[in-house]
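Participant: Data file my_file_27.txt (compact mmCIF, C-alpha atoms (C1' of nucleotides)) is appended below.
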```txt
# COMPACT_ATOMS: atom_id res chain seq x y z
CA MET A 1 77.97 60.04 97.03
CA ARG A 2 80.41 61.95 98.99
CA GLN A 3 83.16 59.44 98.88
CA SER A 4 82.73 58.21 95.42
CA LYS A 5 83.64 61.28 93.50
CA ARG A 6 86.81 62.21 95.11
CA LYS A 7 89.06 64.40 93.19
CA ARG A 8 92.47 63.09 92.31
CA VAL A 9 94.51 65.33 94.45
CA THR A 10 97.69 63.64 93.53
CA SER A 11 97.48 64.59 89.93
CA PRO A 12 99.83 67.47 89.37
CA ALA A 13 98.02 68.91 86.48
CA ALA A 14 94.62 69.30 87.86
CA GLY A 15 94.77 72.84 86.68
CA ASN A 16 91.60 73.67 88.36
CA ASP A 17 92.63 76.44 90.56
CA GLU A 18 91.80 79.02 88.04
CA HIS A 19 88.17 79.48 88.53
CA GLY A 20 88.13 79.69 92.18
CA GLY A 21 86.20 76.71 93.12
CA ASP A 22 88.63 74.29 94.34
CA ALA A 23 88.73 75.34 97.83
CA VAL A 24 89.16 71.88 98.68
CA ALA A 25 91.88 69.88 97.40
CA GLU A 26 92.75 67.77 100.36
CA GLN A 27 90.06 68.22 102.76
CA GLY A 28 88.24 65.18 102.05
CA ALA A 29 85.85 64.16 99.52
CA LYS A 30 82.76 65.74 100.86
CA LYS A 31 83.57 69.16 99.76
CA ALA A 32 85.40 68.24 96.68
CA VAL A 33 82.28 67.28 94.91
CA ARG A 34 80.45 70.40 95.51
CA THR A 35 82.73 73.25 95.02
CA ARG A 36 83.76 73.13 91.46
CA LYS A 37 80.42 73.88 90.05
CA LYS A 38 79.84 77.04 91.87
CA VAL A 39 82.75 78.76 90.43
CA THR A 40 81.41 80.10 87.33
CA VAL A 41 79.19 82.85 88.30
CA PRO A 42 75.73 82.64 86.90
CA PRO A 43 75.37 85.15 84.12
CA ARG A 44 74.82 88.23 86.09
CA SER A 45 74.29 90.79 83.57
CA ALA A 46 75.64 88.84 80.75
CA ASP A 47 77.33 91.55 78.79
CA VAL A 48 79.26 92.96 81.67
CA GLN A 49 80.60 89.61 82.62
CA LYS A 50 82.60 88.99 79.50
CA GLU A 51 84.53 92.03 78.81
CA GLU A 52 88.11 92.31 79.66
CA TYR A 53 88.70 94.93 82.23
CA HIS A 54 91.53 97.37 82.45
CA CYS A 55 90.52 99.49 85.39
CA TRP A 56 89.94 98.52 88.97
CA LEU A 57 88.77 99.58 92.35
CA MET A 58 90.47 98.15 95.42
CA LYS A 59 89.14 98.52 98.92
CA SER A 60 91.16 98.97 102.05
CA GLU A 61 90.47 100.18 105.55
CA PRO A 62 92.07 103.48 106.59
CA GLU A 63 91.04 103.21 110.22
CA SER A 64 92.42 100.91 112.86
CA ARG A 65 90.59 97.68 113.44
CA MET A 66 92.02 94.71 115.23
CA GLU A 67 91.63 91.27 113.78
CA LYS A 68 93.28 88.41 115.62
CA GLY A 69 95.72 90.78 117.19
CA MET A 70 96.71 92.45 113.97
CA ASP A 71 95.76 95.94 112.92
CA MET A 72 93.97 95.94 109.60
CA LYS A 73 94.57 99.61 109.01
CA PHE A 74 95.98 100.31 105.59
CA GLY A 75 94.84 103.57 104.09
CA ILE A 76 96.25 105.38 101.11
CA GLU A 77 98.58 107.32 103.39
CA ASP A 78 100.01 104.03 104.55
CA LEU A 79 100.67 103.00 100.99
CA LYS A 80 102.33 106.33 100.34
CA SER A 81 104.71 105.81 103.19
CA GLN A 82 105.90 102.40 102.03
CA PRO A 83 109.32 102.11 100.41
CA ASN A 84 108.82 103.01 96.79
CA GLN A 85 105.22 103.79 97.71
CA THR A 86 104.60 100.19 96.82
CA ALA A 87 102.95 97.36 98.70
CA CYS A 88 101.55 93.91 98.13
CA TRP A 89 97.80 93.58 98.24
CA ASP A 90 97.56 90.58 100.49
CA GLY A 91 94.68 89.12 102.42
CA VAL A 92 92.08 88.83 99.69
CA ARG A 93 90.05 85.71 100.47
CA ASN A 94 87.25 85.80 98.00
CA TYR A 95 87.43 83.91 94.75
CA GLN A 96 85.98 86.54 92.54
CA ALA A 97 88.20 89.22 93.93
CA ARG A 98 91.16 86.89 93.57
CA ASN A 99 90.30 86.10 89.99
CA PHE A 100 90.09 89.76 89.16
CA MET A 101 93.53 90.24 90.67
CA ARG A 102 94.84 87.40 88.58
CA SER A 103 93.67 89.14 85.46
CA MET A 104 95.37 92.41 86.31
CA LYS A 105 98.23 93.55 84.12
CA ASN A 106 101.22 95.67 84.96
CA GLY A 107 100.55 99.33 84.46
CA GLN A 108 96.80 99.13 84.88
CA LYS A 109 95.24 101.68 87.16
CA ALA A 110 92.97 101.27 90.14
CA PHE A 111 91.10 103.50 92.49
CA PHE A 112 92.15 103.23 96.09
CA TYR A 113 88.89 103.02 98.00
CA HIS A 114 88.54 103.61 101.73
CA SER A 115 86.07 101.23 103.29
CA ASN A 116 84.70 100.58 106.74
CA CYS A 117 85.40 104.09 107.90
CA LYS A 118 83.75 107.39 108.74
CA GLU A 119 83.39 108.54 105.20
CA PRO A 120 83.88 105.75 102.70
CA GLY A 121 84.99 106.77 99.25
CA ILE A 122 87.72 107.00 96.65
CA ALA A 123 90.91 108.60 97.87
CA GLY A 124 93.42 108.21 95.09
CA ILE A 125 94.88 106.31 92.19
CA ILE A 126 97.31 103.42 92.24
CA LYS A 127 98.74 101.16 89.58
CA ILE A 128 99.59 97.52 89.30
CA VAL A 129 103.34 97.03 89.36
CA LYS A 130 103.54 93.29 89.84
CA GLU A 131 101.09 90.78 88.45
CA ALA A 132 99.48 88.06 90.52
CA TYR A 133 101.69 85.83 92.61
CA THR A 134 101.26 83.73 95.72
CA ASP A 135 99.95 85.50 98.77
CA HIS A 136 102.33 84.27 101.44
CA THR A 137 100.02 85.23 104.29
CA GLN A 138 97.79 82.25 103.58
CA PHE A 139 100.51 79.98 104.99
CA ASP A 140 101.21 81.97 108.12
CA PRO A 141 99.22 80.67 111.07
CA LYS A 142 99.69 83.93 112.88
CA ASN A 143 98.20 85.95 110.09
CA PRO A 144 94.52 86.84 110.39
CA HIS A 145 94.02 85.60 106.86
CA TYR A 146 95.73 82.29 107.39
CA ASP A 147 94.06 79.54 105.39
CA SER A 148 94.78 76.11 106.76
CA SER A 149 93.20 74.51 103.73
CA SER A 150 95.68 76.01 101.31
CA LYS A 151 98.63 73.83 100.43
CA ASN A 152 102.08 74.96 99.53
CA ASP A 153 102.15 73.04 96.30
CA ASN A 154 98.83 74.46 95.20
CA PRO A 155 98.23 77.83 96.81
CA LYS A 156 94.74 79.17 96.70
CA TRP A 157 95.28 82.85 97.11
CA SER A 158 97.12 85.42 95.09
CA MET A 159 98.08 89.03 95.45
CA VAL A 160 99.48 91.80 93.29
CA ASP A 161 101.79 94.69 94.06
CA VAL A 162 100.45 98.19 93.73
CA GLN A 163 102.14 101.55 93.69
CA PHE A 164 100.76 104.91 94.70
CA ILE A 165 100.24 107.29 91.80
CA ARG A 166 98.45 110.25 93.26
CA MET A 167 95.65 111.45 95.48
CA LEU A 168 92.46 112.59 93.83
CA LYS A 169 92.11 116.34 93.77
CA ARG A 170 89.19 115.87 96.06
CA TYR A 171 87.82 112.91 97.95
CA ILE A 172 84.94 111.28 96.11
CA SER A 173 82.64 109.89 98.73
CA LEU A 174 80.50 106.83 98.49
CA ALA A 175 77.48 109.04 99.16
CA GLU A 176 78.22 111.15 96.11
CA LEU A 177 78.81 108.12 93.95
CA LYS A 178 75.61 106.58 95.17
CA LYS A 179 73.56 109.58 94.19
CA LEU A 180 75.05 109.53 90.75
CA HIS A 181 74.49 105.81 90.49
CA GLN A 182 70.81 106.26 91.35
CA LYS A 183 70.44 109.02 88.85
CA HIS A 184 72.29 107.16 86.16
CA LYS A 185 70.09 104.14 86.55
CA THR A 186 67.21 106.18 85.24
CA THR A 187 69.13 108.28 82.76
CA ASP A 188 71.31 105.47 81.49
CA GLY A 189 74.35 107.36 82.64
CA PRO A 190 77.90 106.06 82.98
CA LEU A 191 77.62 104.85 86.58
CA ARG A 192 74.43 102.87 86.15
CA ASN A 193 76.18 99.53 86.59
CA LEU A 194 78.97 100.51 88.93
CA ALA A 195 80.18 97.41 90.75
CA LEU A 196 80.51 99.36 93.96
CA PHE A 197 76.73 99.16 94.15
CA THR A 198 75.83 96.17 92.08
CA ARG A 199 78.46 93.97 93.74
CA ALA A 200 78.82 95.82 96.97
CA ARG A 201 80.88 93.40 98.98
CA LEU A 202 83.57 92.63 96.47
CA SER A 203 86.84 94.06 97.68
CA VAL A 204 88.47 94.07 94.27
CA GLN A 205 86.23 95.22 91.48
CA PRO A 206 86.51 95.96 87.80
CA LEU A 207 85.47 99.22 86.19
CA THR A 208 84.87 99.95 82.57
CA GLN A 209 86.98 102.62 80.97
CA ASP A 210 83.89 104.81 80.88
CA GLU A 211 83.23 104.39 84.55
CA PHE A 212 86.82 105.09 85.42
CA GLU A 213 87.05 108.20 83.33
CA TYR A 214 83.73 109.52 84.44
CA ILE A 215 84.68 109.19 88.09
CA LEU A 216 87.99 110.86 87.37
CA SER A 217 86.19 113.75 85.76
CA LEU A 218 84.34 114.32 89.01
CA GLU A 219 87.45 115.47 90.78
CA GLU A 220 87.41 118.64 88.69
CA GLU A 221 83.97 119.61 89.85
CA LYS A 222 82.92 121.28 92.97
CA ASN A 223 80.85 118.87 94.85
CA THR A 224 77.54 120.59 95.32
CA GLU A 225 75.56 117.53 96.03
CA GLU A 226 76.64 116.62 99.43
CA GLU A 227 74.29 118.17 101.96
CA SER A 228 73.47 114.94 103.65
CA GLU A 229 76.95 114.29 104.82
CA ASP A 230 77.36 116.91 107.46
CA ASP A 231 75.02 115.61 110.07
CA ALA A 232 77.15 112.66 111.00
C1' DG B 1 76.45 98.24 117.32
C1' DC B 2 73.09 96.71 114.02
C1' DC B 3 71.86 94.28 110.27
C1' DA B 4 71.09 93.51 105.06
C1' DA B 5 73.30 91.43 101.42
C1' DC B 6 75.57 87.86 99.85
C1' DG B 7 79.38 84.36 99.62
C1' DT B 8 80.55 79.79 101.62
C1' DT B 9 79.72 75.42 103.84
C1' DG B 10 77.99 71.08 104.17
C1' DG B 11 73.91 67.82 104.79
C1' DC B 12 70.97 65.53 102.08
C1' DG C 1 73.04 69.78 92.74
C1' DC C 2 69.99 72.08 95.93
C1' DC C 3 69.34 74.91 99.58
C1' DA C 4 69.31 76.18 104.64
C1' DA C 5 72.45 77.66 107.98
C1' DC C 6 76.27 80.22 108.86
C1' DG C 7 79.89 83.79 108.49
C1' DT C 8 81.63 88.11 106.69
C1' DT C 9 81.49 92.63 104.63
C1' DG C 10 80.75 97.09 105.12
C1' DG C 11 77.30 100.95 105.11
C1' DC C 12 74.74 103.29 108.27
```
Written as structure tokens, that's how I'd like the structure from this file.
Facilitator:
Amino acid sequence: MRQSKRKRVTSPAAGNDEHGGDAVAEQGAKKAVRTRKKVTVPPRSADVQKEEYHCWLMKSEPESRMEKGMDMKFGIEDLKSQPNQTACWDGVRNYQARNFMRSMKNGQKAFFYHSNCKEPGIAGIIKIVKEAYTDHTQFDPKNPHYDSSSKNDNPKWSMVDVQFIRMLKRYISLAELKKLHQKHKTTDGPLRNLALFTRARLSVQPLTQDEFEYILSLEEEKNTEEESEDDA
DNA sequence: GCCAACGTTGGC
DNA sequence: GCCAACGTTGGC
């Protein structure tokens, strides 16, 4: 079974890279069989899955952490200090996150989320200034996100360029968002399906316009809900 | 540092 | 194609 179904890797027009399954192209037949099917996500919550998104949340780590000798730190301040306050969003190695990036359009906005840090949360707003193109780091053996299975003539991973727009007027912590999410689940509020909680590990996530605007409206409020955060 | 959640791998 | 084992993410 494994050998018999081998994918025609020589065919130029396979055109299968789009759904994120084809991890495999050359690696031998064993994997080739399996991967394609998985790509389409089982209907998760059916309605949410179909819409076209215009708003995003992108995670990055603001604190130093070494990975294969390279510092992963890239917080919103680091973006701000780039030339043009613009940077490429490289290193995404998850098919769903990649596919979301591929659907991003110039001018769309995203929250810059700080993850894996003291106080995770949303720090600011960025926008897409270059639509998906090849993430060069996948071909660099010295890069922590090097992917030896990705071939030059059919790259697996993409990235976009983002530009800093502004900081939020106040930092909106994960803890605060979580409380609202919990509440909204019972009240049918705007954050009831927020991907940050329903798809926790995705590093690039879509938001509905409603979700985006609601979260933005929070920056105007005084945050009275955050007693639990001070005992850290 | 721990570990739950969940995506990926690969044998069958 | 199923599913157990494995690896990674990221909150705590």
Participant: Mind listing as a list in words which residues of chain C are within 9 Å of chain A, counting all atoms listed in the file?
Facilitator: DG1, DT9, DG10 and DG11 of chain C
Participant: So the first atom is atom CA of Leu79 of chain A and the second is atom CA of Gln163 of chain A; what is the distance between them in Å, to one decimal place?
Facilitator: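 Computed distance, atom CA of Leu79 of chain A to atom CA of Gln163 of chain A, equals 7.6 Å.
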Participant: Mind pulling up the distance from atom CA of Ile128 of chain A to atom CA of Tyr53 of chain A?
Facilitator: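 Those two atoms sit 13.2 Å apart.
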Participant: To one decimal place, how far is atom CA of Asp188 of chain A from atom CA of Tyr171 of chain A in Å?
Facilitator: 24.5 Å
